[in-house]
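Accompanying notes for the structure given below.
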Amino acid sequence: MAQTVLVTGGAGYIGAHACKVLKAAGFVPVTFDNLNTGWEEAVKYGPFFKGDLMNRADVDAAFAQYRPVAVLHFAALSLVGQSMKDPGKYWRVNVMGALNLIEGAIAAGCLNFVFSSTCATYGDQDGVLLDEETVQKPINSYGASKRAIEDMLVNFGESHGLNHVIFRYFNVAGCDPEGEIGEQHVPETHLIPLMLDAVAGKRPALTVFGSDYPTRDGTCLRDYVHVMDLVEAHVLGLDWLLAGKGNRVFNLGTGTGFTVREVIDHARAVTNREVPIVEGPRRAGDAVALVSGSLRAAAELGWEPKRSTLRQMIGDAWAWAQGPGYRG
């Protein structure tokens with residue numbers, strides 16, 4: 001019988017892609033989502049439990065009904081700018097929601113936990129390639145809330161034997177190349193879909209936030225990972241836990257950084273269209289550069305980000321944005 005995995009946030013962008021690869025790997029993914037930011041039509045690969053992590057009764061009911069062998073936890077508020085303006089919301093929803101989930105998992109005897117963390121826990125460390133041993137110094141409430149959840153997993157691992165894999169990942173982009181699911185947020189804040197909307201005339205222009213950063217062209221520098229590469233790493237992390245290999249932290253990035261202007265240049269090449277842009281001020285909480293310097297996931301999990309070129313990430317996203325599933 002196939003093993004069941006509870007996927008929180010499984011109706012969202014990354015969670016839905018994770019459910020697809022979990023099903024392909026022989027698991028039964030159960031999506032747990034309140035649909036505040038997710039899409040019910042993205043739940044295609046297993047059962048759906050509509051629930052809220054802020055309600056412990058919902059969490060307990062999901063564990064009782066499906067008895068999963070593991071949790072993949074994606075559900076979270078994730079807007080850096082919003083987290084700077086309303087930190088209390090991020091501490092309540094992200095941290096308290098995770099605490100309910102962790103305690104619910106332990107009470108149900110589900111002791112394998114894969115956590116979607118972020119490179120935002122490292123903060124702004126110019127000139128540093130970030131690996132798992134880099135000191136964490138988050139500069140916004142989003143990163144701080146994710147760091148707090150990492151600490152909780154360590155604490156509950158020591159006290160209750162909760163096995164965990166933590167993935168700190170960099171900017172996620174692209175879509176399922178088969179076009180079954182894609183990237184769509186309300187409001188949209190991610191660079192590539194915003195840029196492609198501007199290319200398609202669905203918004204007036206892409207705003208470039210800050211052009212005076214100490215980078216090669218004055219715009220922020222980021223490491224981009226294709227969403228399918230990213231979620232395949234989560235299946236490898238799940239296998240790691242089920243094999244009893246213990247607790248581990250992995251960065252997920254390619255080690256190559258691109259500036260905002262370089263991403264725009266690639267979009268011109270992929271779409272063969274101009275990208276309308278306007279210059280805007282820096283946003284509070286944005287780091288100058290975030291690039292992975294880690295080889296641990298490759299060495300220990302056998303992970304290979306084989307789709308994570310800008311050309312493929314932008315190309316897959318462009319195909320999705322022109323397809324029947326897109327709501328833009």
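Each chain in the structure tokens gets a letter, A, B, ..., in the order shown, and its residues are numbered from 1; ligands are numbered from 1 in order too.
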Please tabulate, as JSON lines, the residues of stretch 112-191 of chain A that come within 10 Å of stretch 83-105 of chain A, each with its closest pair of atoms and the distance in Å to one decimal, counting only C-alpha atoms and ordering rows by chain, then residue number upward.
```
{"residue": "A:Asn112", "atom": "CA", "partner": "A:Ala105", "partner_atom": "CA", "distance": 8.5}
{"residue": "A:Phe113", "atom": "CA", "partner": "A:Ile102", "partner_atom": "CA", "distance": 8.3}
{"residue": "A:Phe115", "atom": "CA", "partner": "A:Ala98", "partner_atom": "CA", "distance": 9.7}
{"residue": "A:Ile139", "atom": "CA", "partner": "A:Met84", "partner_atom": "CA", "distance": 9.1}
{"residue": "A:Asn140", "atom": "CA", "partner": "A:Met84", "partner_atom": "CA", "distance": 6.0}
{"residue": "A:Ser141", "atom": "CA", "partner": "A:Ser83", "partner_atom": "CA", "distance": 5.2}
{"residue": "A:Tyr142", "atom": "CA", "partner": "A:Ser83", "partner_atom": "CA", "distance": 5.6}
{"residue": "A:Gly143", "atom": "CA", "partner": "A:Ser83", "partner_atom": "CA", "distance": 8.9}
{"residue": "A:Ala144", "atom": "CA", "partner": "A:Trp91", "partner_atom": "CA", "distance": 8.5}
{"residue": "A:Ser145", "atom": "CA", "partner": "A:Trp91", "partner_atom": "CA", "distance": 5.8}
{"residue": "A:Lys146", "atom": "CA", "partner": "A:Asn94", "partner_atom": "CA", "distance": 7.4}
{"residue": "A:Arg147", "atom": "CA", "partner": "A:Val95", "partner_atom": "CA", "distance": 9.5}
{"residue": "A:Ala148", "atom": "CA", "partner": "A:Val95", "partner_atom": "CA", "distance": 7.0}
{"residue": "A:Ile149", "atom": "CA", "partner": "A:Val95", "partner_atom": "CA", "distance": 6.2}
{"residue": "A:Glu150", "atom": "CA", "partner": "A:Ala98", "partner_atom": "CA", "distance": 9.9}
{"residue": "A:Met152", "atom": "CA", "partner": "A:Leu99", "partner_atom": "CA", "distance": 7.7}
{"residue": "A:Leu153", "atom": "CA", "partner": "A:Ile102", "partner_atom": "CA", "distance": 7.8}
{"residue": "A:Phe156", "atom": "CA", "partner": "A:Ile102", "partner_atom": "CA", "distance": 8.1}
{"residue": "A:His160", "atom": "CA", "partner": "A:Glu103", "partner_atom": "CA", "distance": 9.8}
{"residue": "A:Leu162", "atom": "CA", "partner": "A:Ile102", "partner_atom": "CA", "distance": 8.6}
```
Include N, CA, C and O atoms and write out the residues we just selected as a PDB file, in the first residue's frame.
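Result file is result02.pdb:
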```pdb
ATOM      1  N   ASN A 112       8.195  12.240  11.073  1.00  0.00           N
ATOM      2  CA  ASN A 112       9.045  12.620   9.942  1.00  0.00           C
ATOM      3  C   ASN A 112       8.523  13.924   9.359  1.00  0.00           C
ATOM      4  O   ASN A 112       7.366  13.997   8.921  1.00  0.00           O
ATOM      5  N   PHE A 113       9.373  14.943   9.334  1.00  0.00           N
ATOM      6  CA  PHE A 113       8.917  16.308   9.025  1.00  0.00           C
ATOM      7  C   PHE A 113       9.908  16.963   8.069  1.00  0.00           C
ATOM      8  O   PHE A 113      11.080  17.140   8.401  1.00  0.00           O
ATOM      9  N   PHE A 115      10.656  20.423   6.132  1.00  0.00           N
ATOM     10  CA  PHE A 115      10.263  21.819   6.298  1.00  0.00           C
ATOM     11  C   PHE A 115      10.792  22.708   5.186  1.00  0.00           C
ATOM     12  O   PHE A 115      11.983  22.701   4.872  1.00  0.00           O
ATOM     13  N   ILE A 139      16.845  39.647   8.310  1.00  0.00           N
ATOM     14  CA  ILE A 139      16.631  41.093   8.383  1.00  0.00           C
ATOM     15  C   ILE A 139      15.169  41.458   8.168  1.00  0.00           C
ATOM     16  O   ILE A 139      14.832  42.634   8.091  1.00  0.00           O
ATOM     17  N   ASN A 140      14.294  40.456   8.084  1.00  0.00           N
ATOM     18  CA  ASN A 140      12.862  40.730   7.986  1.00  0.00           C
ATOM     19  C   ASN A 140      12.091  39.676   8.777  1.00  0.00           C
ATOM     20  O   ASN A 140      12.630  38.629   9.141  1.00  0.00           O
ATOM     21  N   SER A 141      10.830  39.974   9.050  1.00  0.00           N
ATOM     22  CA  SER A 141      10.027  39.093   9.901  1.00  0.00           C
ATOM     23  C   SER A 141       9.723  37.761   9.233  1.00  0.00           C
ATOM     24  O   SER A 141       9.543  36.755   9.910  1.00  0.00           O
ATOM     25  N   TYR A 142       9.661  37.745   7.909  1.00  0.00           N
ATOM     26  CA  TYR A 142       9.483  36.477   7.204  1.00  0.00           C
ATOM     27  C   TYR A 142      10.640  35.537   7.506  1.00  0.00           C
ATOM     28  O   TYR A 142      10.452  34.400   7.964  1.00  0.00           O
ATOM     29  N   GLY A 143      11.873  35.996   7.276  1.00  0.00           N
ATOM     30  CA  GLY A 143      13.036  35.162   7.560  1.00  0.00           C
ATOM     31  C   GLY A 143      13.144  34.803   9.027  1.00  0.00           C
ATOM     32  O   GLY A 143      13.502  33.672   9.392  1.00  0.00           O
ATOM     33  N   ALA A 144      12.809  35.747   9.911  1.00  0.00           N
ATOM     34  CA  ALA A 144      12.889  35.486  11.344  1.00  0.00           C
ATOM     35  C   ALA A 144      11.882  34.425  11.769  1.00  0.00           C
ATOM     36  O   ALA A 144      12.185  33.561  12.609  1.00  0.00           O
ATOM     37  N   SER A 145      10.685  34.460  11.192  1.00  0.00           N
ATOM     38  CA  SER A 145       9.676  33.462  11.558  1.00  0.00           C
ATOM     39  C   SER A 145      10.096  32.071  11.085  1.00  0.00           C
ATOM     40  O   SER A 145       9.882  31.070  11.787  1.00  0.00           O
ATOM     41  N   LYS A 146      10.709  31.988   9.911  1.00  0.00           N
ATOM     42  CA  LYS A 146      11.190  30.688   9.421  1.00  0.00           C
ATOM     43  C   LYS A 146      12.339  30.171  10.283  1.00  0.00           C
ATOM     44  O   LYS A 146      12.430  28.964  10.576  1.00  0.00           O
ATOM     45  N   ARG A 147      13.217  31.062  10.701  1.00  0.00           N
ATOM     46  CA  ARG A 147      14.308  30.660  11.590  1.00  0.00           C
ATOM     47  C   ARG A 147      13.745  30.123  12.909  1.00  0.00           C
ATOM     48  O   ARG A 147      14.239  29.124  13.453  1.00  0.00           O
ATOM     49  N   ALA A 148      12.700  30.756  13.425  1.00  0.00           N
ATOM     50  CA  ALA A 148      12.087  30.291  14.674  1.00  0.00           C
ATOM     51  C   ALA A 148      11.523  28.880  14.525  1.00  0.00           C
ATOM     52  O   ALA A 148      11.627  28.052  15.450  1.00  0.00           O
ATOM     53  N   ILE A 149      10.936  28.591  13.371  1.00  0.00           N
ATOM     54  CA  ILE A 149      10.392  27.246  13.146  1.00  0.00           C
ATOM     55  C   ILE A 149      11.518  26.220  13.067  1.00  0.00           C
ATOM     56  O   ILE A 149      11.393  25.097  13.584  1.00  0.00           O
ATOM     57  N   GLU A 150      12.623  26.591  12.435  1.00  0.00           N
ATOM     58  CA  GLU A 150      13.790  25.699  12.426  1.00  0.00           C
ATOM     59  C   GLU A 150      14.206  25.367  13.867  1.00  0.00           C
ATOM     60  O   GLU A 150      14.507  24.211  14.192  1.00  0.00           O
ATOM     61  N   MET A 152      12.345  25.405  16.522  1.00  0.00           N
ATOM     62  CA  MET A 152      11.344  24.524  17.115  1.00  0.00           C
ATOM     63  C   MET A 152      11.576  23.077  16.705  1.00  0.00           C
ATOM     64  O   MET A 152      11.450  22.153  17.527  1.00  0.00           O
ATOM     65  N   LEU A 153      11.888  22.859  15.438  1.00  0.00           N
ATOM     66  CA  LEU A 153      12.125  21.485  14.981  1.00  0.00           C
ATOM     67  C   LEU A 153      13.301  20.856  15.719  1.00  0.00           C
ATOM     68  O   LEU A 153      13.255  19.673  16.088  1.00  0.00           O
ATOM     69  N   PHE A 156      12.022  20.054  19.339  1.00  0.00           N
ATOM     70  CA  PHE A 156      11.133  18.893  19.389  1.00  0.00           C
ATOM     71  C   PHE A 156      11.842  17.618  18.932  1.00  0.00           C
ATOM     72  O   PHE A 156      11.445  16.517  19.310  1.00  0.00           O
ATOM     73  N   HIS A 160      11.246  14.969  21.639  1.00  0.00           N
ATOM     74  CA  HIS A 160      10.228  13.999  21.248  1.00  0.00           C
ATOM     75  C   HIS A 160      10.650  13.110  20.081  1.00  0.00           C
ATOM     76  O   HIS A 160       9.835  12.341  19.573  1.00  0.00           O
ATOM     77  N   LEU A 162      11.415  13.973  17.005  1.00  0.00           N
ATOM     78  CA  LEU A 162      10.879  14.388  15.713  1.00  0.00           C
ATOM     79  C   LEU A 162      12.018  14.468  14.699  1.00  0.00           C
ATOM     80  O   LEU A 162      12.923  15.298  14.814  1.00  0.00           O
TER      81      LEU A 162
END
```
Mind the document's chain letters and residue numbers, and return as a ChimeraX atom specification the residues of stretch 250-314 of chain A that DSSP labels alpha helix (DSSP H). /A:260-271,296,310-314
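The space between atom CA of A:Gly174 and atom CA of A:Ala2 spans 28.9 Å.
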For A:Gly253, which residue among A:Ile314, A:Cys175, A:Val235, A:Leu295 is the nearest when counting only C-alpha atoms? A:Leu295
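Distance annotation: of A:Asp176, A:Glu274, A:Glu279, A:Asp33, the residue with the minimal separation from A:Val59 is A:Asp33; atom set is only C-alpha atoms.
Here the question is which of A:Thr254, A:Asn155, A:Thr259, A:Gln65 gets nearest to A:Tyr213 using only C-alpha atoms, and that residue is A:Thr259.
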Residues of stretch 157-182 of chain A within 12 Å of stretch 122-133 of chain A: nearest atom pair and distance (Å, one decimal) for each, counting only C-alpha atoms, sorted by chain and number, as JSON lines?
```
{"residue": "A:Ile166", "atom": "CA", "partner": "A:Glu132", "partner_atom": "CA", "distance": 10.2}
{"residue": "A:Phe167", "atom": "CA", "partner": "A:Glu132", "partner_atom": "CA", "distance": 9.7}
{"residue": "A:Arg168", "atom": "CA", "partner": "A:Glu132", "partner_atom": "CA", "distance": 8.3}
{"residue": "A:Tyr169", "atom": "CA", "partner": "A:Leu130", "partner_atom": "CA", "distance": 10.6}
{"residue": "A:Phe170", "atom": "CA", "partner": "A:Leu130", "partner_atom": "CA", "distance": 10.3}
```
How about saving the chosen residues, C-alpha atoms kept, as a PDB file, in the first residue's frame?
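result08.pdb, freshly written:
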```
ATOM      1  CA  ILE A 166      15.110  21.519   6.623  1.00  0.00           C
ATOM      2  CA  PHE A 167      15.446  22.966   3.131  1.00  0.00           C
ATOM      3  CA  ARG A 168      16.637  26.573   2.901  1.00  0.00           C
ATOM      4  CA  TYR A 169      16.009  27.548  -0.644  1.00  0.00           C
ATOM      5  CA  PHE A 170      16.633  30.431  -2.910  1.00  0.00           C
TER       6      PHE A 170
END
```
Which residues, written as a PyMOL selection string, have at least one atom at most 12 Å from A:Thr189, with only C-alpha atoms counted and residues fewer than 2 positions away on the same chain left out? chain A and resi 78-82+171+183-187+191-195+197+206-209
Could you please take those selected residues and save C-alpha atoms as a tab-separated table (two decimals), in the first residue's frame?
```tsv
chain	number	residue	atom	x	y	z
A	78	SER	CA	5.92	34.69	2.54
A	79	LEU	CA	5.85	38.33	1.41
A	80	VAL	CA	8.95	40.14	2.61
A	81	GLY	CA	7.48	43.62	2.28
A	82	GLN	CA	4.30	42.66	4.11
A	171	ASN	CA	14.31	32.08	-5.45
A	183	GLU	CA	2.67	29.82	-10.66
A	184	GLN	CA	-0.06	32.23	-9.69
A	185	HIS	CA	-0.40	34.42	-6.62
A	186	VAL	CA	-2.85	37.11	-5.57
A	187	PRO	CA	-1.24	39.55	-5.24
A	191	LEU	CA	9.80	38.73	-10.45
A	192	ILE	CA	9.35	36.30	-13.34
A	193	PRO	CA	5.52	36.14	-13.44
A	194	LEU	CA	5.32	39.92	-12.93
A	195	MET	CA	7.76	40.40	-15.77
A	197	ASP	CA	2.58	39.82	-17.28
A	206	LEU	CA	7.57	45.78	-14.33
A	207	THR	CA	8.87	47.88	-11.44
A	208	VAL	CA	12.57	47.42	-10.74
A	209	PHE	CA	12.94	48.10	-7.01
```
Name the residues in contact with stretch 43-53 of chain A at a cut-off of 6 Å, using only C-alpha atoms, excluding same-chain residues fewer than 6 positions from it; report them as a ChimeraX atom specification. /A:11,20,28-34,97
So that I can check the surroundings of A:Arg296, please list as an MDAnalysis selection string every protein, DNA and RNA residue that reaches within 10 Å of it, counting only C-alpha atoms and ignoring chain neighbours fewer than 6 positions away. chainID A and resid 131:132 248:252 302:303
Write out the residues from the selection above, keeping N, CA and C atoms, as an mmCIF file, in the first residue's frame.
```
data_model
loop_
_atom_site.group_PDB
_atom_site.id
_atom_site.type_symbol
_atom_site.label_atom_id
_atom_site.label_comp_id
_atom_site.auth_asym_id
_atom_site.auth_seq_id
_atom_site.Cartn_x
_atom_site.Cartn_y
_atom_site.Cartn_z
ATOM 1 N N ASP A 131 26.261 28.868 2.786
ATOM 2 C CA ASP A 131 26.098 27.427 2.971
ATOM 3 C C ASP A 131 25.393 27.182 4.297
ATOM 4 N N GLU A 132 25.199 25.911 4.627
ATOM 5 C CA GLU A 132 24.383 25.565 5.792
ATOM 6 C C GLU A 132 25.012 25.989 7.108
ATOM 7 N N ARG A 248 18.805 16.858 9.191
ATOM 8 C CA ARG A 248 19.782 17.503 8.313
ATOM 9 C C ARG A 248 19.202 18.784 7.739
ATOM 10 N N VAL A 249 20.086 19.731 7.469
ATOM 11 C CA VAL A 249 19.732 20.984 6.805
ATOM 12 C C VAL A 249 20.404 21.007 5.441
ATOM 13 N N PHE A 250 19.649 21.400 4.414
ATOM 14 C CA PHE A 250 20.195 21.496 3.062
ATOM 15 C C PHE A 250 19.803 22.836 2.438
ATOM 16 N N ASN A 251 20.776 23.520 1.857
ATOM 17 C CA ASN A 251 20.466 24.642 0.967
ATOM 18 C C ASN A 251 20.101 24.099 -0.404
ATOM 19 N N LEU A 252 19.157 24.769 -1.069
ATOM 20 C CA LEU A 252 18.803 24.411 -2.439
ATOM 21 C C LEU A 252 18.980 25.635 -3.324
ATOM 22 N N GLY A 302 22.121 13.413 -3.613
ATOM 23 C CA GLY A 302 22.199 13.111 -5.037
ATOM 24 C C GLY A 302 21.333 14.037 -5.870
ATOM 25 N N TRP A 303 21.085 15.244 -5.331
ATOM 26 C CA TRP A 303 20.206 16.213 -6.004
ATOM 27 C C TRP A 303 20.950 16.944 -7.109
#
```
